[in-house]
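**Student:** What follows is a structure written as structure tokens; I'll ask about it next.
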Amino acid sequence: MDTRMHVRIVPMNSDHLDEVAELERICFSTPWSRNMLAEELDNMLSAFLVALDDNGRVAGYAGVQVILDEGYITNIAVRPDCRRQGVAGKLLQVFLDFAQANHLSFLTLEVRASNYDAIALYGSRGFRSMGRRKNYYEHPREDAIIMTREFTDGTASTESYTASSDLRS
């Protein structure tokens, strides 16, 4: 039986802010506010995607910042009733495809040390543990695992990219 959920990945816009802000409150102990999320829509170095379910509701979302040839995944969150159905993997795959197409050197992120499902997902996509940030998270206090996926095809560019080039339009 296929447990993967059908979602449509689209660039986040202001119509999604209320649902994404609610998802932040559900998923994270120190959530980004609606205003912080709105500011990211105007940040030319950032791109945020939403995964919409068949009813047009936000099932998940993800954000990335691109600086020169480096990608920093800032957020990935999935509605509790949509977890373990491939939503996070689909969002992550868009960023991986973007990174390779734009010759980024790497994508990196932090994940709670106890978030075994997320660590397994990132590991399955070629991310490797590169270190720890002690007491990075609060409520509860916990270390972050730094995970990075390097792209070593030798084609990394030193040009400056704006995340809007492919992900925001």
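Labels used: A, B, ... for chains in the order of the structure tokens, numbers from 1 for residues in each chain, and numbers from 1 for ligands as shown.
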Using only C-alpha atoms, determine which residues lie at most 8 Å from segment 99-113 of chain A, disregarding the query and same-chain residues fewer than 4 positions distant; provide the list as a list of chain:residue names.
**Tutor:** A:Asp69, A:Glu70, A:Gly71, A:Tyr72, A:Ile73, A:Thr74, A:Phe95, A:Ala118, A:Ile119, A:Phe127, A:Tyr137, A:Glu142, A:Asp143, A:Ala144, A:Ile145, A:Ile146, A:Met147, A:Thr148, A:Arg149, A:Glu150, A:Phe151, A:Thr152, A:Thr155, A:Ala156, A:Ser157
**Student:** Might you pull out every residue within 12 Å of segment 27-29 of chain A, with only C-alpha atoms counted and same-chain residues fewer than 3 positions away left off, and present them as a PyMOL selection string?
**Tutor:** chain A and resi 20-24+32-33+60-61+75-81+83+111-112+115+137-142
**Student:** Which neighbours of segment 37-49 of chain A fall inside 9 Å, counting only C-alpha atoms, when residues of the same chain fewer than 2 positions from it are skipped, and could you give them as a PyMOL selection string?
**Tutor:** chain A and resi 9-14+17+20-21+32-35+51+60-67+75+91+94+161-164+167-168
**Student:** Check the DSSP output for the backbone and give back, as a VMD selection string, the residues of segment 38-169 of chain A in strand (DSSP E or B).
**Tutor:** chain A and resid 46 to 52 58 to 67 70 to 78 106 to 112 128 to 137 142 to 150
**Student:** Could you tell me, as a PyMOL selection string, which residues of chain A DSSP assigns to alpha helix (DSSP H) when given the backbone?
**Tutor:** chain A and resi 17-27+34-41+87-101+116-124
**Student:** Would you work out the distance separating atom CA of Asp97 of chain A from atom CA of Arg128 of chain A, expressed in Å to one decimal?
**Tutor:**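 Atom CA of Arg128 of chain A lies 17.6 Å from atom CA of Asp97 of chain A.
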**Student:** What does the structure give for the distance between atom CA of Ala59 of chain A and atom CA of Ser129 of chain A, in Å to one decimal?
**Tutor:**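 Distance between the two atoms: 27.2 Å.
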**Student:** Can you tell me how far atom CA of Ser124 of chain A sits from atom CA of Glu19 of chain A, in Å to one decimal?
**Tutor:**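 Result for atom CA of Ser124 of chain A versus atom CA of Glu19 of chain A: 28.4 Å, one decimal.
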**Student:** Compile the contact shell of Asp117 of chain A as a list in words: residues with an atom at most 9 Å away, counting only C-alpha atoms, same-chain residues fewer than 4 positions apart removed.
**Tutor:**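 Here the qualifying residues turn out to be Arg84, Leu121 and Tyr122 of chain A.
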**Student:** When distances are computed from only C-alpha atoms, which of A:Arg25, A:Arg8, A:Lys134, A:Arg125 shows the smallest separation from Asp54 of chain A?
**Tutor:** A:Arg8
**Student:** Counting only C-alpha atoms, which residue out of A:Pro31, A:Leu68, A:Ile26, A:Ala88 sits closest to Val50 of chain A?
**Tutor:**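 Closest residue, counting only C-alpha atoms: A:Ala88.
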